[in-house]
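This is query_15.tsv. It holds TSV, C-alpha atoms and all ligand atoms.
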```tsv
chain	number	residue	atom	x	y	z
K	185	MET	CA	29.85	156.48	53.88
K	186	SER	CA	31.52	153.20	54.69
K	187	LEU	CA	29.67	149.93	54.89
K	188	LEU	CA	32.73	148.04	56.09
K	189	LEU	CA	31.73	145.54	58.74
K	190	ASN	CA	35.19	145.34	60.35
K	191	ARG	CA	34.46	141.79	61.48
K	192	THR	CA	35.37	138.39	60.18
K	193	THR	CA	33.23	136.05	62.28
K	194	PHE	CA	29.48	135.95	62.21
K	195	GLY	CA	26.88	134.20	64.33
K	196	SER	CA	27.72	131.41	66.71
K	197	PRO	CA	28.78	127.82	65.96
K	198	ALA	CA	26.18	126.78	68.56
K	199	ASN	CA	23.57	127.79	65.98
K	200	ASN	CA	24.82	125.55	63.18
K	201	GLY	CA	21.87	124.38	61.13
K	202	ASN	CA	19.39	126.84	62.69
K	203	VAL	CA	17.17	128.49	60.12
K	204	LEU	CA	14.10	130.67	59.94
K	205	SER	CA	10.99	128.91	58.67
K	206	LYS	CA	9.97	129.87	55.14
K	207	GLN	CA	7.11	131.83	56.64
K	208	GLU	CA	9.37	133.69	59.07
K	209	ALA	CA	11.79	134.55	56.26
K	210	ASN	CA	9.00	135.80	54.02
K	211	THR	CA	7.51	137.88	56.82
K	212	LEU	CA	10.90	139.49	57.41
K	213	LEU	CA	11.24	140.15	53.67
K	214	ASN	CA	7.80	141.73	53.42
K	215	ASP	CA	8.20	143.79	56.59
K	216	TRP	CA	11.60	145.16	55.69
K	217	VAL	CA	11.46	145.49	51.91
K	218	LEU	CA	8.81	147.83	50.56
K	219	ASN	CA	10.24	148.12	47.05
K	220	ASP	CA	8.79	145.45	44.74
K	221	ARG	CA	11.73	145.53	42.33
K	222	LEU	CA	14.17	144.84	45.12
K	223	LYS	CA	11.90	142.11	46.46
K	224	LEU	CA	11.87	140.47	43.04
K	225	HIS	CA	15.68	140.68	42.88
K	226	MET	CA	15.95	138.93	46.24
K	227	LYS	CA	13.51	136.21	45.19
K	228	GLN	CA	15.43	135.69	41.97
K	229	VAL	CA	18.73	135.29	43.78
K	230	ALA	CA	16.99	132.98	46.27
K	231	ARG	CA	15.77	130.76	43.45
K	232	LEU	CA	19.23	130.64	41.86
K	233	MET	CA	20.86	129.73	45.17
K	234	HIS	CA	18.28	127.00	45.80
K	235	ASP	CA	18.64	125.48	42.37
K	236	TRP	CA	22.42	125.60	42.46
K	237	ALA	CA	22.49	123.88	45.88
K	238	GLN	CA	20.13	121.20	44.62
K	239	GLU	CA	21.41	120.61	41.11
K	240	ARG	CA	25.08	121.47	41.22
K	241	GLU	CA	26.06	120.75	44.80
K	242	GLY	CA	23.63	117.85	45.30
K	243	LEU	CA	22.69	119.09	48.77
K	244	ASN	CA	19.72	117.88	50.79
K	245	GLU	CA	16.55	119.91	51.31
K	246	ASP	CA	17.67	121.47	54.58
K	247	ASP	CA	20.85	122.73	52.97
K	248	GLN	CA	18.98	123.87	49.87
K	249	TRP	CA	16.84	126.07	52.13
K	250	ARG	CA	19.94	127.48	53.88
K	251	TRP	CA	21.30	128.56	50.48
K	252	GLU	CA	17.91	129.88	49.42
K	253	MET	CA	17.51	131.82	52.65
K	254	ALA	CA	20.88	133.54	52.19
K	255	GLY	CA	19.72	134.65	48.74
K	256	LEU	CA	16.28	135.68	49.93
K	257	LEU	CA	17.52	137.91	52.73
K	258	HIS	CA	20.87	139.22	51.44
K	259	ASP	CA	19.53	142.72	50.65
K	260	ALA	CA	16.80	142.86	53.32
K	261	ASP	CA	18.08	146.10	54.85
K	262	TRP	CA	18.96	147.88	51.59
K	263	ASP	CA	15.56	149.42	50.98
K	264	GLN	CA	14.90	151.20	54.27
K	265	TRP	CA	18.38	151.44	55.79
K	266	PRO	CA	20.90	151.75	52.93
K	267	ASP	CA	23.51	153.31	55.23
K	268	GLN	CA	23.32	150.20	57.41
K	269	HIS	CA	23.31	147.77	54.46
K	270	CYS	CA	24.38	144.31	55.53
K	271	ARG	CA	25.08	145.28	59.14
K	272	LYS	CA	21.39	145.46	60.07
K	273	ILE	CA	20.28	142.16	58.58
K	274	ILE	CA	23.35	140.41	59.98
K	275	GLU	CA	22.58	141.63	63.49
K	276	GLU	CA	18.93	140.66	63.10
K	277	LEU	CA	19.84	137.11	62.05
K	278	GLU	CA	22.39	136.86	64.86
K	279	THR	CA	19.69	137.88	67.36
K	280	ARG	CA	17.49	135.16	65.91
K	281	ASN	CA	20.26	132.55	66.34
K	282	VAL	CA	20.51	131.77	62.64
K	283	ASP	CA	23.16	129.42	61.23
K	284	PRO	CA	26.53	131.22	61.05
K	285	GLU	CA	27.18	130.02	57.49
K	286	VAL	CA	24.03	131.76	56.23
K	287	ILE	CA	24.97	134.99	58.02
K	288	ARG	CA	28.52	134.80	56.70
K	289	ALA	CA	27.32	134.36	53.12
K	290	ILE	CA	25.22	137.51	53.44
K	291	ALA	CA	28.13	139.39	55.02
K	292	SER	CA	30.42	138.54	52.10
K	293	HIS	CA	28.07	139.33	49.20
K	294	GLY	CA	30.01	142.50	48.41
K	295	PRO	CA	33.66	142.06	49.44
K	296	LEU	CA	34.64	145.57	48.34
K	297	HIS	CA	31.80	147.16	50.28
K	298	PHE	CA	31.67	145.08	53.42
K	299	GLY	CA	35.28	143.97	53.64
K	300	VAL	CA	34.48	140.28	54.09
K	301	GLU	CA	36.01	137.78	51.68
K	302	PRO	CA	33.75	135.07	50.22
K	303	GLU	CA	35.20	131.77	51.45
K	304	THR	CA	32.66	128.96	51.35
K	305	LYS	CA	30.88	127.76	48.23
K	306	MET	CA	27.69	129.39	49.53
K	307	ASP	CA	29.52	132.71	49.94
K	308	LYS	CA	31.01	132.52	46.47
K	309	MET	CA	27.79	131.62	44.70
K	310	LEU	CA	25.82	134.37	46.41
K	311	PHE	CA	28.44	136.90	45.32
K	312	ALA	CA	28.49	135.50	41.79
K	313	PHE	CA	24.70	135.43	41.35
K	314	ASP	CA	24.03	138.81	42.90
K	315	GLU	CA	25.16	141.28	40.26
K	316	LEU	CA	24.86	139.03	37.23
K	317	SER	CA	21.25	138.31	38.15
K	318	GLY	CA	20.46	142.03	38.23
K	319	LEU	CA	22.16	142.73	34.92
K	320	ILE	CA	20.33	139.86	33.20
K	321	HIS	CA	17.03	141.07	34.62
K	322	ALA	CA	17.71	144.58	33.32
K	323	TYR	CA	18.36	143.03	29.90
K	324	SER	CA	15.04	141.12	30.05
K	325	LEU	CA	13.19	144.37	30.69
K	326	MET	CA	14.48	145.94	27.48
K	327	ARG	CA	13.69	142.89	25.34
K	328	PRO	CA	10.22	142.75	23.75
K	329	ASN	CA	9.72	139.16	24.94
K	330	GLY	CA	11.59	139.37	28.21
K	331	TYR	CA	13.44	136.15	28.96
K	332	GLU	CA	11.92	134.29	26.04
K	333	GLY	CA	14.58	133.43	23.50
K	334	MET	CA	17.33	135.14	25.49
K	335	ASP	CA	20.73	133.61	24.79
K	336	ILE	CA	24.17	133.70	26.38
K	337	LYS	CA	25.62	135.66	23.47
K	338	GLY	CA	23.11	138.49	23.90
K	339	VAL	CA	23.89	138.75	27.60
K	340	LYS	CA	27.64	138.80	26.98
K	341	LYS	CA	27.17	141.63	24.50
K	342	ARG	CA	25.44	143.68	27.21
K	343	ILE	CA	28.20	142.89	29.67
K	344	LYS	CA	30.75	144.24	27.16
K	345	ASP	CA	28.66	147.38	26.67
K	346	LYS	CA	29.82	149.44	29.63
K	347	ALA	CA	26.91	151.88	29.25
K	348	PHE	CA	24.37	149.11	29.84
K	349	ALA	CA	23.42	148.65	33.52
K	350	ALA	CA	26.41	150.86	34.25
K	351	ASN	CA	25.95	150.49	38.02
K	352	VAL	CA	26.77	146.78	37.78
K	353	SER	CA	30.51	146.42	38.26
K	354	ARG	CA	32.14	144.32	35.53
K	355	ASP	CA	35.16	143.91	37.77
K	356	ASP	CA	32.94	142.41	40.46
K	357	ILE	CA	31.43	139.99	37.96
K	358	ASN	CA	34.84	138.80	36.80
K	359	ASP	CA	36.16	138.63	40.33
K	360	ALA	CA	33.15	136.55	41.39
K	361	LEU	CA	33.55	134.15	38.46
K	362	ASN	CA	37.23	133.64	39.27
K	363	ARG	CA	36.51	132.94	42.91
K	364	ALA	CA	33.73	130.46	42.06
K	365	GLU	CA	35.90	128.92	39.32
K	366	LEU	CA	33.11	129.23	36.78
K	367	THR	CA	33.00	130.49	33.23
K	368	MET	CA	30.77	133.35	32.18
K	369	ASP	CA	28.87	131.02	29.82
K	370	GLU	CA	28.18	128.53	32.56
K	371	LEU	CA	26.80	131.03	35.01
K	372	VAL	CA	24.87	133.14	32.50
K	373	GLY	CA	23.29	130.00	31.01
K	374	PHE	CA	22.22	128.80	34.45
K	375	ILE	CA	20.60	132.13	35.29
K	376	ILE	CA	18.79	132.58	31.96
K	377	GLN	CA	17.18	129.16	32.26
K	378	ARG	CA	15.73	129.83	35.71
K	379	GLN	CA	15.22	133.48	36.34
K	380	GLY	CA	12.37	134.09	33.90
K	381	SER	CA	9.94	131.91	35.81
K	382	VAL	CA	10.55	133.78	39.05
K	383	GLU	CA	9.33	136.91	37.34
K	384	MET	CA	5.96	135.29	36.65
K	385	GLN	CA	5.20	134.84	40.33
K	386	THR	CA	3.42	137.56	42.22
K	387	VAL	CA	5.85	139.45	44.32
J	1	FE	FE	23.57	144.07	48.51
J	2	FE	FE	21.58	141.92	45.73
```

Whole structure, structure tokens version:
Amino acid sequence: MSLLLNRTTFGSPANNGNVLSKQEANTLLNDWVLNDRLKLHMKQVARLMHDWAQEREGLNEDDQWRWEMAGLLHDADWDQWPDQHCRKIIEELETRNVDPEVIRAIASHGPLHFGVEPETKMDKMLFAFDELSGLIHAYSLMRPNGYEGMDIKGVKKRIKDKAFAANVSRDDINDALNRAELTMDELVGFIIQRQGSVEMQTV
């Protein structure tokens, strides 16, 4: 089964800056994603994207929401339509005239699967956060105190242990870090500090 999109342009430049409201995005998330674990993953990535846009890129609130929205919806079709993963949410957002940069970021969150190279900073950060976020969450679930007291060293040990979260591609993680020009320590530290509090919220 191929998920290749066989496209390189997404959305229309006429829709630059168009977003869904937070309520519209959450309704889409809740309608499409029935699996609470996946929903949590999407909310975690959304939070990371938001905080990165705000703290590291110094973007304004509108842009922060564009980054957050890409994170929130990147796996929206994975639960119910895995064989249409990425294609379905992209087409939905195109129909709704969403900002092309947001759609493009979603389309490039798995370059090997979808065949779209991450180009913008938003693309690259979504790709970088995606798998590392999942691996760190898996690690939190096996620790007695979850995220409490988790350190970078512990996470790096799990990354080296190929049997741990074996479905998370180490090659993808390294590829994503190279593209984003970030070190493992930098990105892991950023995620550890923020992701635990997302877990507390009701999904
Ligand atoms: Fe995905
Ligand atoms: Fe994901």

Neighbourhood of ligand FE 1 (chain J) at 8 Å, counting all atoms listed in the file, reported as a ChimeraX atom specification: /K:258-259,262,269-270,293-294,314

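A straight line drawn from atom CA of K:Asp220 to atom CA of K:Gly380 is 16.1 Å long.
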
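Proximal residues of ligand FE 2 (chain J) are Leu222, Lys223, His225, Met226, Lys227, Gln228, Val229, Gly255, Leu256, Leu257, His258, Asp259, Ala260, Trp262, Ile290, His293, Gly294, Leu310, Phe311, Phe313, Asp314, Glu315, Leu316, Ser317 and Gly318 of chain K, by a cut-off of 10 Å on only C-alpha atoms and all ligand atoms.
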
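What separates atom CA of K:Asn210 from atom CA of K:Met253 is a distance of 9.5 Å.
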
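Here atom CA of K:Ala364 is placed at a distance of 5.6 Å from atom CA of K:Lys308.
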
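With all atoms listed in the file as the basis for measurement, K:Leu277 is the residue among K:Asp359, K:Ala349, K:Arg231, K:Leu277 that approaches K:Ala209 most closely.
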
How close does stretch 261-341 of chain K get to stretch 373-378 of chain K? List, as a tab-separated table, each residue of stretch 261-341 of chain K within 10 Å, its nearest atom pair and the distance in Å to one decimal, counting all atoms listed in the file.
```
residue	atom	partner	partner_atom	distance
K:Phe313	CA	K:Ile375	CA	8.0
K:Leu316	CA	K:Ile375	CA	8.3
K:Ser317	CA	K:Ile375	CA	6.8
K:Ile320	CA	K:Ile376	CA	7.5
K:His321	CA	K:Ile376	CA	9.1
K:Ser324	CA	K:Ile376	CA	9.5
K:Tyr331	CA	K:Ile376	CA	7.1
K:Glu332	CA	K:Ile376	CA	9.2
K:Gly333	CA	K:Ile376	CA	9.5
K:Met334	CA	K:Ile376	CA	7.1
K:Asp335	CA	K:Ile376	CA	7.5
K:Ile336	CA	K:Gly373	CA	6.0
K:Lys337	CA	K:Gly373	CA	9.7
K:Val339	CA	K:Ile376	CA	9.1
```

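Summary of the local environment: counting only C-alpha atoms, residues at most 12 Å from K:Pro266, other than itself and those fewer than 6 positions away along its chain, are Met185, Ser186, Leu187, Trp216, Val217, Asp259, Ala260, Lys272 and Ile273 of chain K.
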
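Residues within 12 Å of K:Asn362, counting only C-alpha atoms and excluding same-chain residues fewer than 6 positions away, are Pro302, Lys308, Met309, Phe311, Ala312, Asp355, Asp356, Met368 and Leu371 of chain K.
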
Centre and edges of the stretch 247-259 of chain K box, axis-aligned, 4 Å extra per side, as JSON:
```
{"center_x": 18.8, "center_y": 132.7, "center_z": 51.3, "size_x": 13.0, "size_y": 28.0, "size_z": 13.1}
```

With distances taken over only C-alpha atoms, which residue among K:Val372, K:Leu361, K:Ile274, K:Leu319 lies nearest K:Arg342? K:Leu319

Show which residues sit within 12 Å of K:Lys206, as a ChimeraX atom specification. Count all atoms listed in the file, and ignore same-chain residues fewer than 5 positions away. /K:211-213,230,246,249-250,252-254,256-257

Residues near K:Asp345, cut-off 12 Å, all atoms listed in the file, skip fewer than 6 positions along chain, as JSON, numbers by chain: {"K": [319, 323, 338, 339, 352, 353, 354]}

Selection to disk with C-alpha atoms, as a PDB file, in the frame of the given file:
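Wrote it out as part_11.pdb, contents follow:
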```pdb
ATOM      1  CA  LEU K 319      22.160 142.730  34.920  1.00  0.00           C
ATOM      2  CA  TYR K 323      18.360 143.030  29.900  1.00  0.00           C
ATOM      3  CA  GLY K 338      23.110 138.490  23.900  1.00  0.00           C
ATOM      4  CA  VAL K 339      23.890 138.750  27.600  1.00  0.00           C
ATOM      5  CA  VAL K 352      26.770 146.780  37.780  1.00  0.00           C
ATOM      6  CA  SER K 353      30.510 146.420  38.260  1.00  0.00           C
ATOM      7  CA  ARG K 354      32.140 144.320  35.530  1.00  0.00           C
TER       8      ARG K 354
END
```
